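Written out below as structure tokens is the structure these notes cover.
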Amino acid sequence: MTFDLPAGELVLLAGALICGGFLTGILSGLFGVGGGGILVPVLYELFGFIGLSDDVRMHLAVGTSFAVIAPTSLRAAYAHFRRDSIDIALLRLLAPVALVGIVAGAIVARIADASAFQFIWVISAALLSASILFKPTDWSLKGDLNSPSYYVPIGSVIGFVATLMGVGGGAQITATLALLGRPMHQAVGTASGFSAFLAIPALIGFIWAGWNATGLPPGSVGYFSLIGAAAIIPASVLAAPLGARLAHGLPKRKLEIAFALFLLLVGMRFLFALFY
């Protein structure tokens, strides 16, 4: 961990992160999501603003995102647990295979360059936004989630992709469980439990992946910015109610469309970064 930048640059870094935290909180409250899908692109732009190298910029954005996701997802999971809306039995099946995906994601993060992360974001943002914009209202799949042929690919693939994206995997789990016929409240609650489980080992994995990396900003522990987390968490918590207030003035479907368009913009931004 280093703190060897001039005081003026440290202040600039902290100020930019606080502003990013407020933006993240507003967008999170507005769209009803907890994080990484908003936080990673915000951090990516902020780290570029302060002049970080592209070699570490995306890695640091993803790793720091998990430090914010961890406490928020744990709090959400506890709230859902108290309402008995988490399928604990299913989580016990998903957790071990998700851990395999998380470890694989951390290993890839250690050896991959930024383009791998950006490619995952482009594909995932396109699929998620398409599923929101064109979601069928009366179509579902049939399947036994207790069967290894279902929970093994679901847990491992979502664990791997979510780790490289810097997200908790909640949106993917919710969509998958809903598609397989689970009640929406149970799908959301189980997804929050999955996110809580994923965030902490993923954060540890990114600390390990970036332990000897060069070009990191002050206050970094591997691919995790302590300054970033300290500035963003309180700022986003303070700003989230404002976003929620804005959300209550818009119909649910319009919010979904707005979030899908946001994801498309993020995907296009990373697609542009891949080629230019």
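Chain labels follow the order of the structure tokens: the first chain is A, the next B, and so on; residue numbering restarts at 1 in every chain, and ligands are counted from 1 in their shown order.
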Which residues of region 2-121 of chain A sit at most 12 Å from region 128-134 of chain A, using only C-alpha atoms? Give each one's shortest atom pair and distance in Å (one decimal place), in chain and ascending residue order, as JSON lines.
```
{"residue": "A:Gly37", "atom": "CA", "partner": "A:Leu128", "partner_atom": "CA", "distance": 10.5}
{"residue": "A:Ile120", "atom": "CA", "partner": "A:Leu128", "partner_atom": "CA", "distance": 11.9}
{"residue": "A:Trp121", "atom": "CA", "partner": "A:Leu128", "partner_atom": "CA", "distance": 10.2}
```
If we count only C-alpha atoms, what is near region 106-112 of chain A at a cut-off of 8 Å, once residues fewer than 5 positions away on the same chain are taken out, given as a list in words?
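In the requested format, the answer is His59, Thr163, Leu164, Ala202, Gly205, Phe206, Trp208, Ala209 and Gly210 of chain A.
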Review point. Could you work out how far CA of Leu99 (chain A) lies from CA of Phe197 (chain A), giving the answer in Å with one decimal?
Key: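 Interatomic distance, CA of Phe197 (chain A) to CA of Leu99 (chain A): 8.9 Å.
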- Query: Could you write out, as a VMD selection string, all the residues of region 128-231 of chain A that DSSP marks as helix (DSSP H, G or I)?
  - Reply: chain A and resid 128 to 133 148 to 165 170 to 179 184 to 209 226 to 231
Keeping only C-alpha atoms, take the residues you just selected and write them out as a compact mmCIF listing (two decimals), in the first residue's frame.
```txt
# COMPACT_ATOMS: atom_id res chain seq x y z
CA LEU A 128 -28.88 -7.93 -19.73
CA SER A 129 -30.24 -4.85 -21.49
CA ALA A 130 -31.86 -7.03 -24.18
CA SER A 131 -33.48 -9.22 -21.52
CA ILE A 132 -34.94 -6.10 -19.88
CA LEU A 133 -36.07 -4.37 -23.05
CA PRO A 148 -26.40 -30.71 -10.79
CA SER A 149 -27.16 -30.17 -14.48
CA TYR A 150 -28.77 -26.87 -13.44
CA TYR A 151 -27.07 -25.55 -10.31
CA VAL A 152 -23.50 -26.37 -11.40
CA PRO A 153 -23.51 -24.27 -14.61
CA ILE A 154 -25.66 -21.54 -13.02
CA GLY A 155 -23.40 -21.10 -9.99
CA SER A 156 -20.04 -21.49 -11.69
CA VAL A 157 -20.72 -19.43 -14.81
CA ILE A 158 -22.43 -16.57 -12.96
CA GLY A 159 -19.71 -16.65 -10.29
CA PHE A 160 -17.02 -16.38 -12.97
CA VAL A 161 -18.70 -13.66 -15.04
CA ALA A 162 -19.79 -11.61 -12.01
CA THR A 163 -16.25 -11.71 -10.60
CA LEU A 164 -14.77 -10.31 -13.82
CA MET A 165 -17.52 -7.68 -14.06
CA GLY A 170 -27.75 -10.56 -8.30
CA ALA A 171 -29.31 -9.46 -11.57
CA GLN A 172 -28.23 -12.66 -13.31
CA ILE A 173 -29.44 -14.91 -10.48
CA THR A 174 -32.77 -13.08 -10.22
CA ALA A 175 -33.38 -13.37 -13.97
CA THR A 176 -32.36 -17.05 -14.02
CA LEU A 177 -34.50 -18.09 -11.05
CA ALA A 178 -37.49 -16.14 -12.34
CA LEU A 179 -37.08 -17.78 -15.74
CA MET A 184 -40.01 -13.11 -7.77
CA HIS A 185 -39.64 -12.34 -4.06
CA GLN A 186 -37.75 -15.60 -3.55
CA ALA A 187 -35.64 -14.99 -6.66
CA VAL A 188 -34.64 -11.51 -5.43
CA GLY A 189 -33.97 -12.71 -1.88
CA THR A 190 -31.87 -15.67 -3.01
CA ALA A 191 -29.97 -13.40 -5.40
CA SER A 192 -29.11 -11.05 -2.53
CA GLY A 193 -27.74 -14.01 -0.57
CA PHE A 194 -25.69 -15.06 -3.60
CA SER A 195 -24.27 -11.53 -3.94
CA ALA A 196 -23.35 -11.43 -0.25
CA PHE A 197 -21.52 -14.73 -0.60
CA LEU A 198 -19.72 -13.73 -3.81
CA ALA A 199 -18.50 -10.25 -2.85
CA ILE A 200 -16.10 -11.09 -0.02
CA PRO A 201 -14.08 -13.91 -1.67
CA ALA A 202 -14.09 -11.93 -4.92
CA LEU A 203 -12.60 -8.93 -3.10
CA ILE A 204 -9.94 -11.16 -1.54
CA GLY A 205 -9.23 -12.61 -4.97
CA PHE A 206 -8.65 -9.15 -6.49
CA ILE A 207 -6.39 -8.14 -3.61
CA TRP A 208 -4.34 -11.27 -4.36
CA ALA A 209 -4.45 -10.73 -8.12
CA LEU A 226 -8.98 1.89 0.27
CA ILE A 227 -9.42 5.57 -0.51
CA GLY A 228 -12.01 4.70 -3.13
CA ALA A 229 -14.06 2.54 -0.77
CA ALA A 230 -13.79 5.02 2.11
CA ALA A 231 -14.96 7.89 -0.09
```
With distances taken over only C-alpha atoms, the candidate from A:Arg182, A:Gly166, A:His80, A:Ala98 nearest Pro41 (chain A) is A:Gly166
What separates CA of Met268 (chain A) and CA of Ala67 (chain A) is a distance of 25.6 Å
List the neighbours of Phe272 (chain A) out to 12 Å using only C-alpha atoms; skip same-chain residues closer than 2 positions along the sequence, and give me the result as a list in words.
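Skipping anything fewer than 2 positions along the chain leaves Ser115, Gln118, Phe119, Trp121, Val122, Leu265, Val266, Gly267, Met268, Arg269, Phe270, Leu274, Phe275 and Tyr276 of chain A.
Minimum atom-to-atom distances from A:Ile232, A:Leu263, A:Ala95, A:Ala116 to Ser65 (chain A) were compared using only C-alpha atoms, and the lowest value belongs to A:Ile232.
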CA of Gly181 (chain A) sits from CA of Leu90 (chain A) at a separation of 14.0 Å
I'd like the neighbourhood of Leu43 (chain A) as a ChimeraX atom specification, where a residue qualifies if any of its atoms comes within 10 Å (using only C-alpha atoms), though same-chain residues fewer than 6 positions away should be ignored.
/A:16-17,20-21,24,36,49,57-58,60-62,64-65,228,232
Dump as an mmCIF file, in the first residue's frame, selection limited to C-alpha atoms:
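Listed below is the output, result_0.cif:
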```cif
data_model
loop_
_atom_site.group_PDB
_atom_site.id
_atom_site.type_symbol
_atom_site.label_atom_id
_atom_site.label_comp_id
_atom_site.auth_asym_id
_atom_site.auth_seq_id
_atom_site.Cartn_x
_atom_site.Cartn_y
_atom_site.Cartn_z
ATOM 1 C CA ALA A 16 -13.388 12.755 -7.516
ATOM 2 C CA LEU A 17 -14.279 9.531 -5.706
ATOM 3 C CA GLY A 20 -18.498 9.393 -8.048
ATOM 4 C CA GLY A 21 -19.999 7.984 -4.860
ATOM 5 C CA THR A 24 -23.434 5.957 -7.821
ATOM 6 C CA GLY A 36 -21.347 -2.994 -9.517
ATOM 7 C CA PHE A 49 -9.700 11.183 -14.918
ATOM 8 C CA ARG A 57 -7.632 1.051 -14.365
ATOM 9 C CA MET A 58 -10.269 -1.617 -15.097
ATOM 10 C CA LEU A 60 -8.925 -1.531 -9.813
ATOM 11 C CA ALA A 61 -12.481 -0.463 -10.671
ATOM 12 C CA VAL A 62 -13.706 -4.063 -10.511
ATOM 13 C CA THR A 64 -12.944 -1.789 -5.454
ATOM 14 C CA SER A 65 -16.538 -2.399 -6.496
ATOM 15 C CA GLY A 228 -12.012 4.696 -3.130
ATOM 16 C CA ILE A 232 -17.635 6.064 -2.068
#
```
For Leu93 (chain A): contacts at 8 Å, only C-alpha atoms, fewer than 4 positions along chain excluded, given as number ranges by chain: A: 89, 97, 146, 151
If you keep N, CA and C atoms, can you produce a file of those selected residues as an mmCIF file, in the first residue's frame?
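Printed below is result_36.cif as written:
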```
data_model
loop_
_atom_site.group_PDB
_atom_site.id
_atom_site.type_symbol
_atom_site.label_atom_id
_atom_site.label_comp_id
_atom_site.auth_asym_id
_atom_site.auth_seq_id
_atom_site.Cartn_x
_atom_site.Cartn_y
_atom_site.Cartn_z
ATOM 1 N N ALA A 89 -31.477 -23.716 0.996
ATOM 2 C CA ALA A 89 -31.052 -25.003 0.429
ATOM 3 C C ALA A 89 -30.408 -24.815 -0.941
ATOM 4 N N VAL A 97 -20.024 -24.278 -6.083
ATOM 5 C CA VAL A 97 -19.695 -24.164 -7.506
ATOM 6 C C VAL A 97 -19.433 -22.701 -7.881
ATOM 7 N N ASN A 146 -32.425 -28.376 -8.109
ATOM 8 C CA ASN A 146 -31.653 -29.256 -7.231
ATOM 9 C C ASN A 146 -30.788 -30.238 -8.020
ATOM 10 N N TYR A 151 -27.742 -26.450 -11.247
ATOM 11 C CA TYR A 151 -27.069 -25.552 -10.308
ATOM 12 C C TYR A 151 -25.563 -25.443 -10.543
#
```
- Which polymer residues have any atom within 12 Å of an atom of Gly51 (chain A), counting only C-alpha atoms, with same-chain residues fewer than 3 positions away left out, as number ranges by chain? A: 9, 12-13, 44-48, 54-57, 215-217
Go ahead and write the selection's residues with N, CA and C atoms as an mmCIF file, in the first residue's frame.
```
data_model
loop_
_atom_site.group_PDB
_atom_site.id
_atom_site.type_symbol
_atom_site.label_atom_id
_atom_site.label_comp_id
_atom_site.auth_asym_id
_atom_site.auth_seq_id
_atom_site.Cartn_x
_atom_site.Cartn_y
_atom_site.Cartn_z
ATOM 1 N N GLU A 9 -2.756 15.916 -5.246
ATOM 2 C CA GLU A 9 -3.299 14.828 -6.054
ATOM 3 C C GLU A 9 -4.140 13.870 -5.213
ATOM 4 N N LEU A 12 -7.428 15.565 -4.896
ATOM 5 C CA LEU A 12 -8.149 15.441 -6.161
ATOM 6 C C LEU A 12 -8.760 14.045 -6.294
ATOM 7 N N LEU A 13 -7.984 13.000 -5.941
ATOM 8 C CA LEU A 13 -8.470 11.630 -6.006
ATOM 9 C C LEU A 13 -9.674 11.449 -5.081
ATOM 10 N N TYR A 44 -14.251 3.404 -13.325
ATOM 11 C CA TYR A 44 -13.387 3.343 -14.511
ATOM 12 C C TYR A 44 -13.132 4.742 -15.057
ATOM 13 N N GLU A 45 -14.181 5.545 -15.148
ATOM 14 C CA GLU A 45 -14.010 6.906 -15.658
ATOM 15 C C GLU A 45 -13.239 7.781 -14.676
ATOM 16 N N LEU A 46 -13.507 7.626 -13.373
ATOM 17 C CA LEU A 46 -12.801 8.431 -12.372
ATOM 18 C C LEU A 46 -11.316 8.109 -12.339
ATOM 19 N N PHE A 47 -10.975 6.831 -12.394
ATOM 20 C CA PHE A 47 -9.569 6.455 -12.392
ATOM 21 C C PHE A 47 -8.875 6.942 -13.663
ATOM 22 N N GLY A 48 -9.600 6.998 -14.762
ATOM 23 C CA GLY A 48 -9.030 7.590 -15.972
ATOM 24 C C GLY A 48 -8.839 9.081 -15.822
ATOM 25 N N ASP A 54 -4.138 2.468 -18.237
ATOM 26 C CA ASP A 54 -5.153 1.502 -18.661
ATOM 27 C C ASP A 54 -4.813 0.081 -18.220
ATOM 28 N N ASP A 55 -3.540 -0.171 -17.887
ATOM 29 C CA ASP A 55 -3.131 -1.503 -17.455
ATOM 30 C C ASP A 55 -3.773 -1.906 -16.136
ATOM 31 N N VAL A 56 -4.086 -0.926 -15.272
ATOM 32 C CA VAL A 56 -4.641 -1.250 -13.952
ATOM 33 C C VAL A 56 -6.011 -0.612 -13.706
ATOM 34 N N ARG A 57 -6.412 0.259 -14.574
ATOM 35 C CA ARG A 57 -7.632 1.051 -14.365
ATOM 36 C C ARG A 57 -8.875 0.175 -14.215
ATOM 37 N N GLY A 215 1.919 0.730 -10.752
ATOM 38 C CA GLY A 215 1.091 1.793 -11.311
ATOM 39 C C GLY A 215 -0.213 2.024 -10.579
ATOM 40 N N LEU A 216 -0.365 1.430 -9.385
ATOM 41 C CA LEU A 216 -1.596 1.616 -8.624
ATOM 42 C C LEU A 216 -1.570 2.953 -7.885
ATOM 43 N N PRO A 217 -2.734 3.533 -7.602
ATOM 44 C CA PRO A 217 -2.786 4.817 -6.898
ATOM 45 C C PRO A 217 -2.497 4.637 -5.420
#
```
**Asked** From the list A:Leu91, A:Ala126, A:Val40, A:Val103, which residue is nearest Val167 (chain A) when using only C-alpha atoms?
**Response**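 The closest residue to Val167 (chain A) is A:Val40.
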